[in-house]
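Data first, discussion second: the structure below is written as structure tokens.
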There are 2 protein chains.
Amino acid sequence: MEDKAQIQEAIKVQGEVVRKLKSEKASKEQIDEEVAKLLELKVRLGGDDGKHQFVLKTAKGTRDYNPKQMAIREKVFNTIISCFKRHGAETIDTPVFELKETLTGKYGEDSKLIYDLKDQGGELLSLRYDLTVPFARYLAMNKITNIKRYHIAKVYRRDNPAMTRGRYREFYQCDFDIAGQYDAMIPDAECLKIVHEILSELDLGDFRIKVNDRRILDGMFAVCGVPDDKFRTICSTVDKLDKMPWEEVKKEMVNEKGLSEEAADQIGEYVSMQGGMDLAERLLQDQKMSQSKLACAGLSDIKLLFSYLQLFQVTDKVVFDLSLARGLDYYTGIIYEAVLTQAGVAPVSNEAQNGTNAEESVNVGSVAGGGRYDGLVGMFDPKGRKVPCVGVSIGIERVFSIMEQKAEASAEKVRTTEVQVMVASAQKNLLEERLRLVTELWNAGIKAEVMYKMNPKLLSQLQYCEEAGIPLVAILGEQELKDGVVKLRVVATREEMDIARTDLISEIRRRTSEA
Amino acid sequence: MEDKAQIQEAIKVQGEVVRKLKSEKASKEQIDEEVAKLLELKVRLGGDDGKHQFVLKTAKGTRDYNPKQMAIREKVFNTIISCFKRHGAETIDTPVFELKETLTGKYGEDSKLIYDLKDQGGELLSLRYDLTVPFARYLAMNKITNIKRYHIAKVYRRDNPAMTRGRYREFYQCDFDIAGQYDAMIPDAECLKIVHEILSELDLGDFRIKVNDRRILDGMFAVCGVPDDKFRTICSTVDKLDKMPWEEVKKEMVNEKGLSEEAADQIGEYVSMQGGMDLAERLLQDQKMSQSKLACAGLSDIKLLFSYLQLFQVTDKVVFDLSLARGLDYYTGIIYEAVLTQAGVAPVSNEAQNGTNAEESVNVGSVAGGGRYDGLVGMFDPKGRKVPCVGVSIGIERVFSIMEQKAEASAEKVRTTEVQVMVASAQKNLLEERLRLVTELWNAGIKAEVMYKMNPKLLSQLQYCEEAGIPLVAILGEQELKDGVVKLRVVATREEMDIARTDLISEIRRRTSEA
């Protein structure tokens, strides 16, 4: 039993929080989050009125999409899918849960964020954490060695949600991957071309794509004197450079991870470097770096990559950045991450604001990332056969947030249906005639609606069209029926004209073909 | 610890099962299912070779969709979504899991089939069982009293899978619902119109839509002398009439449910009745039935419904069938179910084959169902405010199975990409030129591919096009580059022509505008 007085106190405090947020006109999402906490407390207190009382909410870190959000989502997906299809990708789908052991050992420390299903007898299952591991499982299971596929689906992470910043526990990933033994850097370059195309078409403001290579990182650690067994842990500290200033990163390396001050300083010099093909060339001549064969292989590939990126006309946005170190264990070669660089449109994260680096202060966060993972499929193959893979994942939730904000700021109304015409009547007792006409239109493939009332008022039918953005109204009356015509009204201009019943369908098509 | 000898014996038996199925050329799905069981047994036995050994499979009752299946799925979804949009529906989405208590008490006996998530701290969650309950939760939570929405998403049931017959634990539902206080039977009739349109357009062979009303069933039970407290259980026995002959249904009523023989016989007479508006009229005059006000209300509505169905031109497929009794607790008015009536295309279920009724033996099962549920939203509203709803759910997995079989039987190849042109080279050292040209095409919105090889053979590039169904090849060679042309090859006819580089894009568009 919980202490009732304690809960009542908590309810009082939480009530204050909600009132404060409301008075400050905080975002709806933020208020909703706090209201949900309040409701939970109230449920814990229990109702004394004996009525069924439960929390009317979605699970923590998840949300519904309303029709307006869905319209925006559909638009974003269409842009992304068109791009994937333009590049010749097929698509697959996998179940939302996998055998638990399929996900085991793939995500390092993040494994604690995996959702497990309850053991109800039978197999132990977990919700998928990303689309890459199920993809690798699919390839190994079906012995596929060659495929270019996209997969758009929800993934699940028991992370600390920050919904106002587009971080959810259930969220979409849009993945594009190329599996197969090919010549170096050609598929890798195409992945970057795809990121460039999508971010340009979505029109989210300026962006940058950072590129690095796992081999360059490892070679750099080696020549800077990092012991072999500390590569991974030092790498994950480097990964924090987009959220912390170098001083703090260095402190973590030296104080927490036990790296020598000298080694840390050498790393510090390298990870401040940014450039293009020229930087790769310079580092190939660098006295220290050139001692590592691994680093040289990575640097040569970066050079080759940039030569292809030039042909793809995307070098304007791509930066070779030695501070990029993506967390996931499975990357083996090139890695990349796209960030939006305009603060104006997107919510700036607190971490970024705390950064001392000027570049970081306008960094609104990663919207895409990926890299080469040549070993993952082999982890699933009973004989360890490898299938080289490279891919990219578009993190769509932040894009949705930005698009939603843009839609709200814009004067233009987001339509949630595609209805071309409303079949209305000006007088009573015309339900049958309306149903007859709307049937004609539906059967001709016209998107049409009719009000579900025996005798709706003309005014309410017209108002509905205004609200829903329906462009045309086909109005029936006794006179029109007698004359074999329909009065077609253009909602925007209020213009009305009589159209012969036989010409109505072609007239509607003509007037809505743009829409 | 399990008994090793016992498992080894089970492995031997299961191995025989698999060998037998293979020798009988059983379906791939059936063999895969049995192989999976075999692998599970082997894992339980444990490997003595020390190697990591795990089952490479999807969770029980689930499946991956390969690119060909996805192409078919996309086509089916497009047909369904077009229809929903034609009728002016918006769309929403809800999370894949809900608070456990949201699903509690909505599904009667079927509740045991709900997947729960493991308690990892925080809320208790369950995977959604259908889309109707989340929809009702969404309406109550957002205080929406009027909406016409569709929702296409996966739902989860820990049922006994029968994958060869399209019964899975993870499967799609395509739901269309109309919420709001409207005049009787108009939205209900539109739902049936939608089922009619979709099943006609999908071209699955002949079908029938059975219609009944919960009030007619309840009224019928009352006048036949069924005690009030047995309505629900007798109703679920009647629901088995599509899988069992009347004799067995009667036996269950009398022997298991304790109904009098006389009452059962009276029910038997009614549930054999099928017809249209005429049957509703006849029953309104029926001495016994007319004693129930509830039944009369239902019968009058059936009459009204048929009058609207006539205007919608769909009465050819709709049957008023008193044996239809859908299981779910939440229906309050009209209910319906669509069945395919041609055995040829679909897998005939075993149950149907056992039926004695001639009609049942060609019944390949339900592909759509729904009804009116005026009380469900009120269960979520703190003040119990009701929002009347009527809707339909298309059970798409069986449709997929049929479409897949059709595609396999047909000579026409299912394309899994939409690539219009392959950029190829006839000589070595033209990778850069190929990348330059494919960039031009991508930037112009043409769907194009290039092989990820420095020097691919022309033959292998052409073969790839044949296999993937790519209609055009743009071939580059030294001579073409010098002349400022591209050799465009039509894969189907092997016809080749030189096209000026400046005309290439419009020529490709012209030649693939049909596709």
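Starting from 1 in every chain, residues are counted up; chains themselves are A, B, ... following the order of the structure tokens, and ligands are numbered from 1 as listed.
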Quiz item: Near Lys447 of chain B, within 12 Å and counting only C-alpha atoms, which residues show up once chain neighbours fewer than 3 positions away are dropped, as an MDAnalysis selection string?
Solution: (chainID A and resid 81:89) or (chainID B and resid 417:423 438:444 450 470:473 505 508:509 512:513 515)
Self-check item: Shell around segment 230-236 of chain B at 8 Å using only C-alpha atoms, local window under 3 positions removed, as a list in words
Solution: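 Final neighbour list, sorted by chain and number: Leu217, Asp218, Phe221, Val226, Pro227, Asp239, Lys240, Met253, Lys257, Ala325, Arg326 and Gly327 of chain B.
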With N, CA, C and O atoms retained, could you export that selection as a CSV table (one decimal), in the first residue's frame?
```
chain,number,residue,atom,x,y,z
B,217,LEU,N,-31.2,-11.0,-33.6
B,217,LEU,CA,-30.7,-12.2,-33.0
B,217,LEU,C,-31.3,-12.2,-31.5
B,217,LEU,O,-31.8,-13.2,-31.1
B,218,ASP,N,-31.1,-11.1,-30.8
B,218,ASP,CA,-31.6,-11.1,-29.4
B,218,ASP,C,-33.1,-11.3,-29.3
B,218,ASP,O,-33.6,-12.0,-28.5
B,221,PHE,N,-33.9,-14.9,-30.0
B,221,PHE,CA,-33.6,-15.8,-28.9
B,221,PHE,C,-34.8,-15.6,-27.8
B,221,PHE,O,-35.2,-16.6,-27.3
B,226,VAL,N,-35.2,-18.6,-25.2
B,226,VAL,CA,-33.9,-18.7,-24.6
B,226,VAL,C,-33.8,-17.7,-23.4
B,226,VAL,O,-34.2,-16.6,-23.5
B,227,PRO,N,-33.4,-18.2,-22.2
B,227,PRO,CA,-33.3,-17.3,-21.0
B,227,PRO,C,-32.4,-16.2,-21.3
B,227,PRO,O,-31.3,-16.4,-21.9
B,239,ASP,N,-22.9,-18.7,-34.0
B,239,ASP,CA,-21.7,-18.2,-34.8
B,239,ASP,C,-20.9,-19.4,-35.4
B,239,ASP,O,-20.2,-19.1,-36.4
B,240,LYS,N,-21.1,-20.6,-34.9
B,240,LYS,CA,-20.3,-21.7,-35.5
B,240,LYS,C,-21.0,-22.3,-36.7
B,240,LYS,O,-20.4,-23.3,-37.3
B,253,MET,N,-26.1,-26.7,-28.3
B,253,MET,CA,-27.1,-25.9,-27.5
B,253,MET,C,-27.8,-26.7,-26.5
B,253,MET,O,-27.9,-26.2,-25.3
B,257,LYS,N,-25.1,-26.4,-23.5
B,257,LYS,CA,-25.6,-25.1,-23.0
B,257,LYS,C,-26.9,-25.2,-22.2
B,257,LYS,O,-27.4,-24.2,-21.7
B,325,ALA,N,-23.9,-14.5,-36.9
B,325,ALA,CA,-23.8,-14.0,-35.5
B,325,ALA,C,-22.4,-13.8,-35.1
B,325,ALA,O,-21.7,-14.7,-34.6
B,326,ARG,N,-21.9,-12.6,-35.3
B,326,ARG,CA,-20.4,-12.4,-35.1
B,326,ARG,C,-20.1,-12.4,-33.6
B,326,ARG,O,-20.9,-11.9,-32.8
B,327,GLY,N,-19.0,-12.9,-33.3
B,327,GLY,CA,-18.6,-13.1,-31.9
B,327,GLY,C,-18.5,-11.9,-31.0
B,327,GLY,O,-18.9,-11.9,-29.8
```
Practice problem: Please provide the set of residues having any atom within 7 Å of segment 142-152 of chain B, restricted to only C-alpha atoms, with same-chain residues fewer than 5 positions apart removed, written as an MDAnalysis selection string. | Solution: chainID B and resid 84 89:93 172:180 387
Quiz prompt | Which of A:Ile334, A:Ala5, A:Met70, A:Leu322 sits closest to Met185 of chain A [using only C-alpha atoms] | solution = A:Ile334
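Using only C-alpha atoms, the smallest distance between any of B:Leu131, B:Met379, B:Ala474, B:Val339 and chain A comes from B:Met379.
Distance check against chain B using only C-alpha atoms: of A:Cys465, A:Met141, A:Ala368, A:Val485, the minimum falls on A:Met141.
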Exercise. Please provide the set of residues having any atom within 7 Å of segment 453-462 of chain B, restricted to only C-alpha atoms, with same-chain residues fewer than 5 positions apart removed, written as an MDAnalysis selection string.
Key: (chainID A and resid 182:183) or (chainID B and resid 424:426 428:429 431)
Would you output that residue set with C-alpha atoms, as a PDB file, in the first residue's frame?
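Resulting contents of selection.pdb:
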```pdb
ATOM      1  CA  TYR A 182      30.880  -4.819 -55.131  1.00  0.00           C
ATOM      2  CA  ASP A 183      33.753  -2.535 -56.046  1.00  0.00           C
TER       3      ASP A 183
ATOM      4  CA  ALA B 424      25.495   0.473 -68.943  1.00  0.00           C
ATOM      5  CA  SER B 425      28.817   0.557 -70.733  1.00  0.00           C
ATOM      6  CA  ALA B 426      30.124  -1.487 -73.623  1.00  0.00           C
ATOM      7  CA  LYS B 428      36.146  -0.782 -69.841  1.00  0.00           C
ATOM      8  CA  ASN B 429      37.063   2.319 -67.854  1.00  0.00           C
ATOM      9  CA  LEU B 431      32.625   3.983 -64.595  1.00  0.00           C
TER      10      LEU B 431
END
```
Exercise. Name the residues of segment 368-476 of chain A that fall into alpha helix (DSSP H) according to DSSP on the backbone, using the chain letters and numbers of this document, as a VMD selection string.
Key: chain A and resid 376 to 380 396 to 409 431 to 443 458 to 468
Quiz item: Gln287 of chain A: which residues within 12 Å, counting only C-alpha atoms, same-chain residues fewer than 6 positions away excluded, as a PyMOL selection string?
Solution: chain A and resi 220+223-224+296
For the residues in the current selection, export C-alpha atoms as a PDB file, in the first residue's frame.
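For reference, selection19.pdb as written:
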```
ATOM      1  CA  MET A 220      44.178   7.052 -35.266  1.00  0.00           C
ATOM      2  CA  VAL A 223      49.073   5.812 -33.607  1.00  0.00           C
ATOM      3  CA  CYS A 224      48.025   8.060 -30.714  1.00  0.00           C
ATOM      4  CA  CYS A 296      45.682   4.447 -44.859  1.00  0.00           C
TER       5      CYS A 296
END
```
Quiz item: So how many Å separate atom CA of Asp286 of chain A and atom CA of Ile186 of chain A, to one decimal?
Solution: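 Between atom CA of Asp286 of chain A and atom CA of Ile186 of chain A the gap works out to 26.3 Å.
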Quiz prompt | For chain A, the nearest of the candidates B:Ser27, B:Asn212, B:Thr341, B:Gln69, counting only C-alpha atoms | solution = B:Gln69
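Between atom CA of Val249 of chain B and atom CA of Asp110 of chain B lies a distance of 20.2 Å.
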Practice problem: For each of A:Asp206, A:Glu408, A:Asp381, A:Glu33, take the minimum atom-to-atom distance to Tyr138 of chain A, counting only C-alpha atoms, then give the residue where this is smallest. | Solution: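 Checking each of A:Asp206, A:Glu408, A:Asp381, A:Glu33 against Tyr138 of chain A, counting only C-alpha atoms, the winner is A:Asp381.
For the pair atom CA of Leu284 of chain A and atom CA of Ser300 of chain A, the separation is 7.8 Å.
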Going by DSSP on the backbone, which bits of segment 13-181 of chain B are strand (DSSP E)? Write them as a PDB file with N, CA, C and O atoms, in the first residue's frame, please.
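Saved result, out34.pdb, follows:
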```pdb
ATOM      1  N   GLU B  90     -10.459  10.121 -43.741  1.00  0.00           N
ATOM      2  CA  GLU B  90      -9.147  10.539 -43.259  1.00  0.00           C
ATOM      3  C   GLU B  90      -8.463   9.291 -42.708  1.00  0.00           C
ATOM      4  O   GLU B  90      -9.085   8.254 -42.564  1.00  0.00           O
ATOM      5  N   THR B  91      -7.192   9.409 -42.342  1.00  0.00           N
ATOM      6  CA  THR B  91      -6.547   8.267 -41.712  1.00  0.00           C
ATOM      7  C   THR B  91      -5.862   8.692 -40.423  1.00  0.00           C
ATOM      8  O   THR B  91      -5.495   9.871 -40.265  1.00  0.00           O
ATOM      9  N   PHE B  97       1.328  -0.820 -29.184  1.00  0.00           N
ATOM     10  CA  PHE B  97       0.880  -1.316 -27.877  1.00  0.00           C
ATOM     11  C   PHE B  97       0.038  -0.255 -27.163  1.00  0.00           C
ATOM     12  O   PHE B  97       0.163   0.936 -27.398  1.00  0.00           O
ATOM     13  N   GLU B  98      -0.853  -0.752 -26.313  1.00  0.00           N
ATOM     14  CA  GLU B  98      -1.741   0.082 -25.520  1.00  0.00           C
ATOM     15  C   GLU B  98      -1.521  -0.267 -24.052  1.00  0.00           C
ATOM     16  O   GLU B  98      -0.979  -1.335 -23.735  1.00  0.00           O
ATOM     17  N   LEU B  99      -1.968   0.588 -23.152  1.00  0.00           N
ATOM     18  CA  LEU B  99      -2.014   0.184 -21.753  1.00  0.00           C
ATOM     19  C   LEU B  99      -2.863  -1.084 -21.677  1.00  0.00           C
ATOM     20  O   LEU B  99      -3.904  -1.172 -22.321  1.00  0.00           O
ATOM     21  N   LEU B 125       1.783  -3.116 -20.506  1.00  0.00           N
ATOM     22  CA  LEU B 125       1.381  -2.886 -21.888  1.00  0.00           C
ATOM     23  C   LEU B 125       0.999  -4.184 -22.574  1.00  0.00           C
ATOM     24  O   LEU B 125       1.460  -5.260 -22.213  1.00  0.00           O
ATOM     25  N   SER B 126       0.153  -4.048 -23.609  1.00  0.00           N
ATOM     26  CA  SER B 126      -0.225  -5.187 -24.438  1.00  0.00           C
ATOM     27  C   SER B 126      -0.214  -4.766 -25.903  1.00  0.00           C
ATOM     28  O   SER B 126      -0.507  -3.612 -26.213  1.00  0.00           O
ATOM     29  N   LEU B 127       0.099  -5.714 -26.780  1.00  0.00           N
ATOM     30  CA  LEU B 127       0.011  -5.412 -28.211  1.00  0.00           C
ATOM     31  C   LEU B 127      -1.457  -5.314 -28.609  1.00  0.00           C
ATOM     32  O   LEU B 127      -2.293  -6.062 -28.094  1.00  0.00           O
ATOM     33  N   ILE B 147     -16.198  11.483 -37.062  1.00  0.00           N
ATOM     34  CA  ILE B 147     -15.036  11.262 -37.927  1.00  0.00           C
ATOM     35  C   ILE B 147     -15.319  10.077 -38.839  1.00  0.00           C
ATOM     36  O   ILE B 147     -16.077   9.165 -38.485  1.00  0.00           O
ATOM     37  N   LYS B 148     -14.757  10.148 -40.023  1.00  0.00           N
ATOM     38  CA  LYS B 148     -14.793   9.008 -40.946  1.00  0.00           C
ATOM     39  C   LYS B 148     -13.342   8.708 -41.200  1.00  0.00           C
ATOM     40  O   LYS B 148     -12.644   9.509 -41.801  1.00  0.00           O
ATOM     41  N   ARG B 149     -12.837   7.610 -40.656  1.00  0.00           N
ATOM     42  CA  ARG B 149     -11.391   7.376 -40.754  1.00  0.00           C
ATOM     43  C   ARG B 149     -11.098   5.950 -41.215  1.00  0.00           C
ATOM     44  O   ARG B 149     -11.881   5.039 -40.980  1.00  0.00           O
ATOM     45  N   TYR B 150      -9.946   5.801 -41.870  1.00  0.00           N
ATOM     46  CA  TYR B 150      -9.454   4.449 -42.121  1.00  0.00           C
ATOM     47  C   TYR B 150      -8.132   4.272 -41.394  1.00  0.00           C
ATOM     48  O   TYR B 150      -7.455   5.260 -41.068  1.00  0.00           O
ATOM     49  N   HIS B 151      -7.807   3.029 -41.115  1.00  0.00           N
ATOM     50  CA  HIS B 151      -6.566   2.721 -40.408  1.00  0.00           C
ATOM     51  C   HIS B 151      -6.102   1.362 -40.906  1.00  0.00           C
ATOM     52  O   HIS B 151      -6.815   0.384 -40.818  1.00  0.00           O
ATOM     53  N   ILE B 152      -4.905   1.344 -41.454  1.00  0.00           N
ATOM     54  CA  ILE B 152      -4.340   0.093 -41.953  1.00  0.00           C
ATOM     55  C   ILE B 152      -3.105  -0.200 -41.131  1.00  0.00           C
ATOM     56  O   ILE B 152      -2.157   0.580 -41.137  1.00  0.00           O
ATOM     57  N   ALA B 153      -3.109  -1.291 -40.385  1.00  0.00           N
ATOM     58  CA  ALA B 153      -1.975  -1.590 -39.522  1.00  0.00           C
ATOM     59  C   ALA B 153      -2.034  -3.044 -39.077  1.00  0.00           C
ATOM     60  O   ALA B 153      -3.040  -3.729 -39.260  1.00  0.00           O
ATOM     61  N   LYS B 154      -0.921  -3.473 -38.484  1.00  0.00           N
ATOM     62  CA  LYS B 154      -0.841  -4.854 -38.026  1.00  0.00           C
ATOM     63  C   LYS B 154      -1.451  -4.997 -36.641  1.00  0.00           C
ATOM     64  O   LYS B 154      -1.319  -4.110 -35.799  1.00  0.00           O
ATOM     65  N   VAL B 155      -2.098  -6.134 -36.401  1.00  0.00           N
ATOM     66  CA  VAL B 155      -2.622  -6.466 -35.082  1.00  0.00           C
ATOM     67  C   VAL B 155      -2.070  -7.838 -34.686  1.00  0.00           C
ATOM     68  O   VAL B 155      -1.524  -8.559 -35.525  1.00  0.00           O
ATOM     69  N   TYR B 156      -2.233  -8.184 -33.396  1.00  0.00           N
ATOM     70  CA  TYR B 156      -1.505  -9.328 -32.837  1.00  0.00           C
ATOM     71  C   TYR B 156      -2.419 -10.234 -32.034  1.00  0.00           C
ATOM     72  O   TYR B 156      -3.143  -9.764 -31.151  1.00  0.00           O
ATOM     73  N   GLU B 170       0.636 -12.274 -36.442  1.00  0.00           N
ATOM     74  CA  GLU B 170       0.787 -10.854 -36.784  1.00  0.00           C
ATOM     75  C   GLU B 170       0.139 -10.687 -38.144  1.00  0.00           C
ATOM     76  O   GLU B 170       0.564 -11.327 -39.103  1.00  0.00           O
ATOM     77  N   PHE B 171      -0.882  -9.871 -38.222  1.00  0.00           N
ATOM     78  CA  PHE B 171      -1.533  -9.716 -39.517  1.00  0.00           C
ATOM     79  C   PHE B 171      -2.143  -8.328 -39.662  1.00  0.00           C
ATOM     80  O   PHE B 171      -2.361  -7.612 -38.693  1.00  0.00           O
ATOM     81  N   TYR B 172      -2.378  -7.977 -40.907  1.00  0.00           N
ATOM     82  CA  TYR B 172      -2.921  -6.652 -41.206  1.00  0.00           C
ATOM     83  C   TYR B 172      -4.429  -6.611 -41.058  1.00  0.00           C
ATOM     84  O   TYR B 172      -5.117  -7.566 -41.390  1.00  0.00           O
ATOM     85  N   GLN B 173      -4.912  -5.479 -40.575  1.00  0.00           N
ATOM     86  CA  GLN B 173      -6.329  -5.171 -40.713  1.00  0.00           C
ATOM     87  C   GLN B 173      -6.455  -3.842 -41.449  1.00  0.00           C
ATOM     88  O   GLN B 173      -5.616  -2.957 -41.291  1.00  0.00           O
ATOM     89  N   CYS B 174      -7.477  -3.748 -42.282  1.00  0.00           N
ATOM     90  CA  CYS B 174      -7.760  -2.511 -43.008  1.00  0.00           C
ATOM     91  C   CYS B 174      -9.146  -2.073 -42.572  1.00  0.00           C
ATOM     92  O   CYS B 174     -10.139  -2.642 -43.015  1.00  0.00           O
ATOM     93  N   ASP B 175      -9.191  -1.104 -41.703  1.00  0.00           N
ATOM     94  CA  ASP B 175     -10.457  -0.712 -41.083  1.00  0.00           C
ATOM     95  C   ASP B 175     -10.959   0.624 -41.610  1.00  0.00           C
ATOM     96  O   ASP B 175     -10.179   1.562 -41.802  1.00  0.00           O
ATOM     97  N   PHE B 176     -12.255   0.673 -41.802  1.00  0.00           N
ATOM     98  CA  PHE B 176     -12.942   1.906 -42.186  1.00  0.00           C
ATOM     99  C   PHE B 176     -14.111   2.063 -41.226  1.00  0.00           C
ATOM    100  O   PHE B 176     -14.908   1.140 -41.072  1.00  0.00           O
ATOM    101  N   ASP B 177     -14.196   3.186 -40.550  1.00  0.00           N
ATOM    102  CA  ASP B 177     -15.275   3.384 -39.581  1.00  0.00           C
ATOM    103  C   ASP B 177     -15.860   4.789 -39.693  1.00  0.00           C
ATOM    104  O   ASP B 177     -15.145   5.745 -40.001  1.00  0.00           O
ATOM    105  N   ILE B 178     -17.145   4.878 -39.425  1.00  0.00           N
ATOM    106  CA  ILE B 178     -17.829   6.168 -39.403  1.00  0.00           C
ATOM    107  C   ILE B 178     -18.379   6.373 -37.996  1.00  0.00           C
ATOM    108  O   ILE B 178     -19.196   5.568 -37.523  1.00  0.00           O
ATOM    109  N   ALA B 179     -17.900   7.410 -37.331  1.00  0.00           N
ATOM    110  CA  ALA B 179     -18.372   7.734 -35.985  1.00  0.00           C
ATOM    111  C   ALA B 179     -19.207   8.994 -36.064  1.00  0.00           C
ATOM    112  O   ALA B 179     -18.844   9.949 -36.742  1.00  0.00           O
TER     113      ALA B 179
END
```
